[in-house]
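Participant: Just one file: entry_7.cif, with mmCIF, C-alpha atoms and all ligand atoms.
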```cif
data_entry
loop_
_atom_site.label_atom_id
_atom_site.label_comp_id
_atom_site.auth_asym_id
_atom_site.auth_seq_id
_atom_site.Cartn_x
_atom_site.Cartn_y
_atom_site.Cartn_z
CA MET M 794 0.00 0.00 0.00
CA ILE M 795 1.36 3.43 -0.97
CA ASP M 796 0.38 6.25 1.39
CA ILE M 797 -0.11 9.50 -0.47
CA ALA M 798 -0.54 13.15 0.51
CA VAL M 799 -2.31 15.70 -1.68
CA ILE M 800 -1.15 19.33 -1.55
CA GLY M 801 -3.81 21.79 -2.67
CA ALA M 802 -7.47 21.04 -2.05
CA GLY M 803 -8.78 22.85 -5.12
CA ARG M 804 -10.19 21.63 -8.41
CA ILE M 805 -7.40 19.23 -9.41
CA GLY M 806 -6.57 18.24 -5.82
CA ALA M 807 -10.11 16.88 -5.48
CA VAL M 808 -9.68 14.82 -8.66
CA HIS M 809 -6.41 13.34 -7.37
CA ALA M 810 -7.82 12.62 -3.91
CA ALA M 811 -10.71 10.69 -5.45
CA SER M 812 -8.31 8.71 -7.68
CA VAL M 813 -6.00 7.86 -4.79
CA ALA M 814 -8.94 6.73 -2.66
CA ALA M 815 -10.38 4.64 -5.49
CA HIS M 816 -7.17 2.75 -6.29
CA PRO M 817 -6.69 -0.52 -4.36
CA GLY M 818 -2.93 0.04 -4.04
CA THR M 819 -2.99 3.54 -2.63
CA ARG M 820 -4.34 5.27 0.47
CA LEU M 821 -5.02 8.98 0.96
CA ALA M 822 -3.08 9.72 4.15
CA LEU M 823 -3.04 13.51 4.32
CA VAL M 824 -4.44 16.60 2.58
CA ALA M 825 -2.71 19.97 2.98
CA ASP M 826 -4.05 23.39 2.04
CA PRO M 827 -3.26 26.57 3.97
CA PHE M 828 -6.56 28.27 3.24
CA GLY M 829 -9.83 27.87 5.14
CA ASP M 830 -11.20 24.42 5.75
CA GLY M 831 -10.47 23.16 2.21
CA ALA M 832 -8.09 20.42 3.37
CA ALA M 833 -10.45 19.22 6.10
CA ARG M 834 -13.42 19.13 3.73
CA LEU M 835 -11.51 17.17 1.09
CA ALA M 836 -9.91 14.74 3.56
CA ALA M 837 -12.98 13.89 5.63
CA PRO M 838 -14.91 11.64 3.19
CA TYR M 839 -11.78 9.52 2.71
CA GLY M 840 -10.85 9.24 6.39
CA ALA M 841 -7.57 11.09 5.72
CA ARG M 842 -5.85 13.59 7.99
CA ALA M 843 -5.89 17.27 7.09
CA THR M 844 -3.53 20.15 7.75
CA THR M 845 -3.22 23.84 6.93
CA ARG M 846 0.56 23.52 7.40
CA VAL M 847 2.04 22.24 4.12
CA GLU M 848 5.36 21.36 5.82
CA ASP M 849 3.48 18.56 7.64
CA VAL M 850 3.46 16.67 4.34
CA PHE M 851 7.24 16.64 4.05
CA GLU M 852 7.68 15.79 7.74
CA ALA M 853 5.12 12.95 7.86
CA ALA M 854 6.87 9.61 8.25
CA ASP M 855 3.86 7.70 6.94
CA VAL M 856 3.67 9.59 3.62
CA ASP M 857 5.41 7.74 0.77
CA ALA M 858 4.44 10.02 -2.09
CA VAL M 859 3.08 13.50 -2.68
CA ILE M 860 0.66 14.81 -5.30
CA ILE M 861 1.17 18.53 -5.85
CA GLY M 862 -2.01 20.30 -6.97
CA SER M 863 -1.24 23.76 -5.66
CA PRO M 864 -1.04 26.91 -7.84
CA THR M 865 1.75 26.81 -10.44
CA PRO M 866 4.18 29.28 -8.75
CA LEU M 867 4.47 26.87 -5.79
CA HIS M 868 5.31 23.74 -7.75
CA VAL M 869 9.10 24.04 -7.86
CA ASP M 870 9.56 24.56 -4.13
CA GLN M 871 7.13 21.75 -3.31
CA ILE M 872 8.79 19.33 -5.76
CA VAL M 873 12.19 20.05 -4.23
CA ALA M 874 10.86 19.72 -0.67
CA SER M 875 9.17 16.41 -1.51
CA VAL M 876 12.26 14.90 -3.09
CA HIS M 877 14.55 16.14 -0.32
CA ALA M 878 12.16 14.55 2.17
CA GLY M 879 12.65 11.21 0.37
CA LYS M 880 9.19 11.14 -1.15
CA ALA M 881 8.12 10.52 -4.73
CA ALA M 882 6.17 13.36 -6.29
CA LEU M 883 3.50 13.69 -8.95
CA CYS M 884 3.29 17.39 -9.72
CA GLU M 885 0.66 19.06 -11.81
CA LYS M 886 1.70 20.79 -15.01
CA PRO M 887 3.25 23.20 -15.66
CA VAL M 888 6.34 22.83 -13.48
CA ASP M 889 6.73 26.61 -13.70
CA LEU M 890 6.19 29.38 -16.26
CA SER M 891 9.90 30.29 -16.10
CA LEU M 892 12.44 27.99 -17.76
CA ASP M 893 15.10 29.29 -15.36
CA ARG M 894 12.99 28.07 -12.44
CA VAL M 895 12.54 24.68 -14.13
CA ASP M 896 16.31 24.41 -14.63
CA ALA M 897 16.86 25.37 -10.98
CA CYS M 898 14.39 22.67 -9.96
CA LEU M 899 16.27 20.06 -12.00
CA ALA M 900 19.57 21.17 -10.46
CA ALA M 901 18.12 20.96 -6.96
CA ILE M 902 16.96 17.37 -7.45
CA ALA M 903 19.87 16.22 -9.65
CA GLY M 904 20.26 12.46 -9.48
CA GLN M 905 16.76 12.03 -8.09
CA GLU M 906 14.73 13.22 -11.10
CA HIS M 907 13.26 9.74 -11.38
CA ARG M 908 11.27 10.40 -8.21
CA VAL M 909 9.21 13.05 -10.00
CA MET M 910 6.40 12.68 -12.52
CA ILE M 911 4.52 15.59 -14.12
CA GLY M 912 0.74 15.49 -14.58
CA PHE M 913 0.61 14.94 -18.31
CA ASN M 914 -2.64 13.04 -18.03
CA ARG M 915 -3.54 13.19 -21.71
CA ARG M 916 -1.14 10.31 -22.46
CA PHE M 917 -3.39 8.14 -20.30
CA ASP M 918 -6.69 9.33 -21.76
CA PRO M 919 -8.27 6.19 -23.31
CA SER M 920 -9.12 7.89 -26.62
CA ILE M 921 -5.61 9.34 -27.03
CA ALA M 922 -4.01 6.06 -25.91
CA GLN M 923 -6.01 4.30 -28.61
CA ILE M 924 -4.86 6.73 -31.31
CA HIS M 925 -1.27 6.35 -30.10
CA ALA M 926 -1.50 2.56 -30.27
CA ARG M 927 -2.97 2.68 -33.78
CA VAL M 928 -0.26 5.06 -35.00
CA ALA M 929 2.42 2.87 -33.37
CA ASP M 930 0.92 -0.18 -35.12
CA GLY M 931 1.50 1.57 -38.44
CA GLU M 932 -2.19 1.91 -39.28
CA ILE M 933 -1.64 5.20 -41.11
CA GLY M 934 1.96 4.60 -42.16
CA PRO M 935 4.78 6.97 -41.20
CA LEU M 936 3.55 10.01 -39.29
CA GLU M 937 4.34 13.07 -41.42
CA GLN M 938 2.21 15.78 -39.83
CA LEU M 939 0.69 16.10 -36.37
CA THR M 940 -2.12 18.59 -35.83
CA ILE M 941 -3.29 19.16 -32.25
CA ILE M 942 -6.34 21.28 -31.44
CA SER M 943 -7.12 22.01 -27.78
CA ARG M 944 -10.27 23.66 -26.51
CA ASP M 945 -11.91 24.26 -23.17
CA PRO M 946 -15.63 23.53 -23.05
CA ALA M 947 -16.48 27.05 -21.85
CA ALA M 948 -14.88 30.44 -21.38
CA PRO M 949 -12.64 30.37 -18.27
CA PRO M 950 -13.40 32.41 -15.14
CA ALA M 951 -11.61 35.77 -14.93
CA ALA M 952 -9.68 34.56 -11.86
CA TYR M 953 -8.20 31.68 -13.87
CA VAL M 954 -7.10 34.04 -16.65
CA ALA M 955 -5.51 36.45 -14.16
CA GLN M 956 -3.46 33.78 -12.39
CA SER M 957 -2.73 31.23 -15.12
CA GLY M 958 -1.95 33.59 -17.99
CA GLY M 959 -4.78 32.11 -20.03
CA ILE M 960 -5.26 28.90 -21.98
CA PHE M 961 -2.17 29.26 -24.20
CA ARG M 962 0.28 29.87 -21.38
CA ASP M 963 -1.31 27.41 -19.02
CA MET M 964 -2.23 24.55 -21.31
CA THR M 965 0.01 24.52 -24.41
CA ILE M 966 2.43 22.40 -22.39
CA HIS M 967 -0.13 19.57 -22.78
CA ASP M 968 0.15 19.94 -26.57
CA LEU M 969 3.95 19.89 -26.42
CA ASP M 970 3.72 16.70 -24.37
CA MET M 971 1.33 15.20 -26.91
CA ALA M 972 3.74 16.07 -29.73
CA ALA M 973 6.64 14.44 -27.86
CA HIS M 974 4.49 11.41 -27.06
CA PHE M 975 3.48 10.81 -30.67
CA LEU M 976 6.84 11.66 -32.23
CA GLU M 977 9.34 10.08 -29.81
N1 LIG R 1001 -3.31 18.21 -15.70
C1 LIG R 1001 -4.42 18.91 -15.88
O1 LIG R 1001 -5.20 18.64 -16.80
C2 LIG R 1001 -4.75 20.03 -14.92
C3 LIG R 1001 -6.10 20.42 -14.77
C4 LIG R 1001 -6.37 21.45 -13.87
C5 LIG R 1001 -5.34 22.09 -13.18
N2 LIG R 1001 -4.06 21.72 -13.38
C6 LIG R 1001 -2.96 22.39 -12.65
O2 LIG R 1001 -3.15 22.16 -11.27
C7 LIG R 1001 -2.74 23.29 -10.52
C8 LIG R 1001 -3.90 23.74 -9.61
O3 LIG R 1001 -5.00 24.08 -10.42
P1 LIG R 1001 -6.51 24.08 -9.83
O4 LIG R 1001 -7.38 24.35 -11.01
O5 LIG R 1001 -6.76 22.89 -8.98
O6 LIG R 1001 -6.45 25.40 -8.90
P2 LIG R 1001 -7.39 25.75 -7.64
O7 LIG R 1001 -7.25 27.22 -7.45
O8 LIG R 1001 -8.76 25.17 -7.82
O9 LIG R 1001 -6.72 24.98 -6.42
C9 LIG R 1001 -5.47 25.33 -5.89
C10 LIG R 1001 -5.49 25.02 -4.39
O10 LIG R 1001 -4.18 25.26 -3.88
C11 LIG R 1001 -4.35 25.89 -2.61
N3 LIG R 1001 -3.12 26.59 -2.24
C12 LIG R 1001 -2.86 27.93 -2.31
N4 LIG R 1001 -1.64 28.19 -1.80
C13 LIG R 1001 -1.14 26.98 -1.40
C14 LIG R 1001 0.08 26.59 -0.79
N5 LIG R 1001 1.05 27.49 -0.44
N6 LIG R 1001 0.28 25.28 -0.55
C15 LIG R 1001 -0.65 24.37 -0.87
N7 LIG R 1001 -1.85 24.68 -1.43
C16 LIG R 1001 -2.07 25.99 -1.70
C17 LIG R 1001 -5.56 26.79 -2.77
O11 LIG R 1001 -6.12 27.10 -1.50
C18 LIG R 1001 -6.48 25.90 -3.62
O12 LIG R 1001 -7.30 25.10 -2.79
C19 LIG R 1001 -2.30 24.37 -11.55
O13 LIG R 1001 -0.91 24.31 -11.68
C20 LIG R 1001 -2.97 23.90 -12.84
O14 LIG R 1001 -2.24 24.27 -14.01
C21 LIG R 1001 -3.75 20.69 -14.22
#
```
Can you dump the structure from the file as structure tokens?
Facilitator:
Amino acid sequence: MIDIAVIGAGRIGAVHAASVAAHPGTRLALVADPFGDGAARLAAPYGARATTRVEDVFEAADVDAVIIGSPTPLHVDQIVASVHAGKAALCEKPVDLSLDRVDACLAAIAGQEHRVMIGFNRRFDPSIAQIHARVADGEIGPLEQLTIISRDPAAPPAAYVAQSGGIFRDMTIHDLDMAAHFLE
């Protein structure tokens, strides 16, 4: 059994908590979010502990792995803290909006990069996985051109635009991952 902590009890944190709780090989041990009762509300249905002190995650002896679902500017520090605490980390995309910060993150965890996975979930989407398998099987012959179109189902809230930089800054990294996935 792998005991997992979720950092950030927002939109994506709730998705991860539900996935951890649903998987037979994982247990939701702890939810951390500094604001309000978000952590407590997310943890309660799963019987997990909750804290408003994020450092508790890195200090908890019973936490094997960390899922980082906090706002993007916090990802680098929380990746580094997780790895230095000896825990595996699944961090939401993007790692950071600054390449210098991403490079600094890699330098800080040098030799332990294998402990970190980034939330490029589209690779695991059943419809995309099926297309990938069919391309790999040679169904359409050699891949000569890859066209990726991404849309959100509705206009985003103003708060998302203000903090994320909008759909192109926040989500094009998914398209770059898709391109790498299909072309590698
Ligand atoms: N892979 C995907 O498809 C996908 C989808 C949605 C979001 N994301 C990414 O997930 C991240 C979070 O997005 P969201 O939509 O869940 O945002 P959100 O605003 O709904 O949730 C963020 C949560 O983090 C908490 N938080 C704030 N400061 C914190 C801190 N210092 N430590 C820990 N938690 C803190 C907030 O209180 C909030 O509950 C973003 O980086 C976003 O790009 C990825």
Participant: Name each residue within 8 Å of ligand LIG 1001 (chain R), counting all atoms listed in the file, as a PyMOL selection string.
Facilitator: chain M and resi 800-807+825-829+831-832+847+861-868+885-888+912-915+953+957+963-964+967
Participant: Rank nothing, just name the residue among M:Asp945, M:Glu937, M:Asp970, M:Asp870 nearest to M:Phe917, using all atoms listed in the file.
Facilitator: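 When distances to M:Phe917 are compared using all atoms listed in the file, the smallest one comes from M:Asp970.
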Participant: Calculate, to one decimal in Å, the centre and edge lengths of the box along x, y and z of the file that holds all listed atoms of stretch 943-955 of chain M with 5 Å of margin on each side, and present them as AutoDock Vina command-line options.
Facilitator:
```
--center_x -11.0 --center_y 29.2 --center_z -19.8 --size_x 21.0 --size_y 24.4 --size_z 25.9
```
